[in-house]
Amino acid sequence: MAPPACRACARTLRHTYATRLREACADHAQIQALLGHASIETTARYFRASPAEVADLIDRALDY
């Protein structure tokens, strides 16, 4: 069994990965798919997003 510190490292890597993709203008739906999340709200937790950006993401997801 891996020590808890390794799990924290994996989480940090996921946060960094999502944030870097977002900063590179990757589509939020693509980031969601890459991270394997069912909800865009879960994905939004992995990068720094303003409340207005989160609301826009939800609106766009509901348009599909």
# chains A, B, ... in the order shown; residues from 1 in each chain; ligands from 1
call {"tool": "residues_around", "arguments": {"residues": "region 40-50 of chain A", "least_positions_apart": "3", "cutoff": "7 Å", "atoms": "only C-alpha atoms", "output": "mmCIF file with all heavy atoms, in the first residue's frame"}}
result
data_model
loop_
_atom_site.group_PDB
_atom_site.id
_atom_site.type_symbol
_atom_site.label_atom_id
_atom_site.label_comp_id
_atom_site.auth_asym_id
_atom_site.auth_seq_id
_atom_site.Cartn_x
_atom_site.Cartn_y
_atom_site.Cartn_z
ATOM 1 N N HIS A 15 -4.091 18.530 -10.287
ATOM 2 C CA HIS A 15 -4.401 19.958 -10.223
ATOM 3 C C HIS A 15 -3.513 20.745 -11.186
ATOM 4 O O HIS A 15 -3.994 21.608 -11.922
ATOM 5 C CB HIS A 15 -4.215 20.494 -8.798
ATOM 6 C CG HIS A 15 -5.368 20.212 -7.901
ATOM 7 N ND1 HIS A 15 -6.494 20.999 -7.864
ATOM 8 C CD2 HIS A 15 -5.564 19.228 -6.992
ATOM 9 C CE1 HIS A 15 -7.336 20.514 -6.969
ATOM 10 N NE2 HIS A 15 -6.797 19.438 -6.432
ATOM 11 N N ALA A 18 -4.514 19.991 -14.911
ATOM 12 C CA ALA A 18 -5.743 20.675 -15.303
ATOM 13 C C ALA A 18 -5.524 22.171 -15.442
ATOM 14 O O ALA A 18 -6.001 22.796 -16.395
ATOM 15 C CB ALA A 18 -6.841 20.396 -14.279
ATOM 16 N N THR A 19 -4.789 22.748 -14.513
ATOM 17 C CA THR A 19 -4.536 24.184 -14.562
ATOM 18 C C THR A 19 -3.714 24.554 -15.786
ATOM 19 O O THR A 19 -4.023 25.520 -16.483
ATOM 20 C CB THR A 19 -3.828 24.652 -13.281
ATOM 21 O OG1 THR A 19 -4.664 24.358 -12.159
ATOM 22 C CG2 THR A 19 -3.547 26.137 -13.312
ATOM 23 N N GLN A 32 -12.205 17.814 -18.834
ATOM 24 C CA GLN A 32 -13.113 16.929 -18.100
ATOM 25 C C GLN A 32 -12.934 15.491 -18.553
ATOM 26 O O GLN A 32 -12.835 14.573 -17.729
ATOM 27 C CB GLN A 32 -14.556 17.384 -18.321
ATOM 28 C CG GLN A 32 -15.587 16.497 -17.666
ATOM 29 C CD GLN A 32 -17.009 16.931 -17.995
ATOM 30 O OE1 GLN A 32 -17.229 17.941 -18.656
ATOM 31 N NE2 GLN A 32 -17.967 16.161 -17.530
ATOM 32 N N HIS A 37 -13.878 12.838 -15.377
ATOM 33 C CA HIS A 37 -14.952 13.302 -14.511
ATOM 34 C C HIS A 37 -16.294 13.245 -15.231
ATOM 35 O O HIS A 37 -16.394 13.544 -16.410
ATOM 36 C CB HIS A 37 -14.701 14.745 -14.073
ATOM 37 C CG HIS A 37 -13.500 14.907 -13.213
ATOM 38 N ND1 HIS A 37 -12.748 16.048 -13.183
ATOM 39 C CD2 HIS A 37 -12.907 14.055 -12.334
ATOM 40 C CE1 HIS A 37 -11.756 15.906 -12.328
ATOM 41 N NE2 HIS A 37 -11.835 14.700 -11.801
ATOM 42 N N GLU A 53 -16.692 32.165 -14.565
ATOM 43 C CA GLU A 53 -16.218 31.115 -15.472
ATOM 44 C C GLU A 53 -16.922 29.792 -15.205
ATOM 45 O O GLU A 53 -17.288 29.078 -16.139
ATOM 46 C CB GLU A 53 -14.703 30.926 -15.345
ATOM 47 C CG GLU A 53 -13.900 32.063 -15.927
ATOM 48 C CD GLU A 53 -12.418 31.892 -15.669
ATOM 49 O OE1 GLU A 53 -12.043 31.719 -14.497
ATOM 50 O OE2 GLU A 53 -11.653 31.944 -16.641
ATOM 51 N N VAL A 54 -17.125 29.466 -13.943
ATOM 52 C CA VAL A 54 -17.814 28.222 -13.591
ATOM 53 C C VAL A 54 -19.259 28.266 -14.098
ATOM 54 O O VAL A 54 -19.754 27.296 -14.680
ATOM 55 C CB VAL A 54 -17.770 27.964 -12.067
ATOM 56 C CG1 VAL A 54 -18.634 26.777 -11.688
ATOM 57 C CG2 VAL A 54 -16.339 27.759 -11.610
#
call {"tool": "select_by_dssp", "arguments": {"residues": "chain A", "states": "alpha helix (DSSP H)", "output": "ChimeraX atom specification"}}
result
/A:4-23,28-35,40-44,51-63
call {"tool": "atom_distance", "arguments": {"atom1": "CA of Arg14 (chain A)", "atom2": "CA of Arg60 (chain A)"}}
result
23.1 Å
call {"tool": "atom_distance", "arguments": {"atom1": "CA of Arg11 (chain A)", "atom2": "CA of Leu35 (chain A)"}}
result
11.2 Å
call {"tool": "atom_distance", "arguments": {"atom1": "CA of Cys25 (chain A)", "atom2": "CA of Asp56 (chain A)"}}
result
14.9 Å
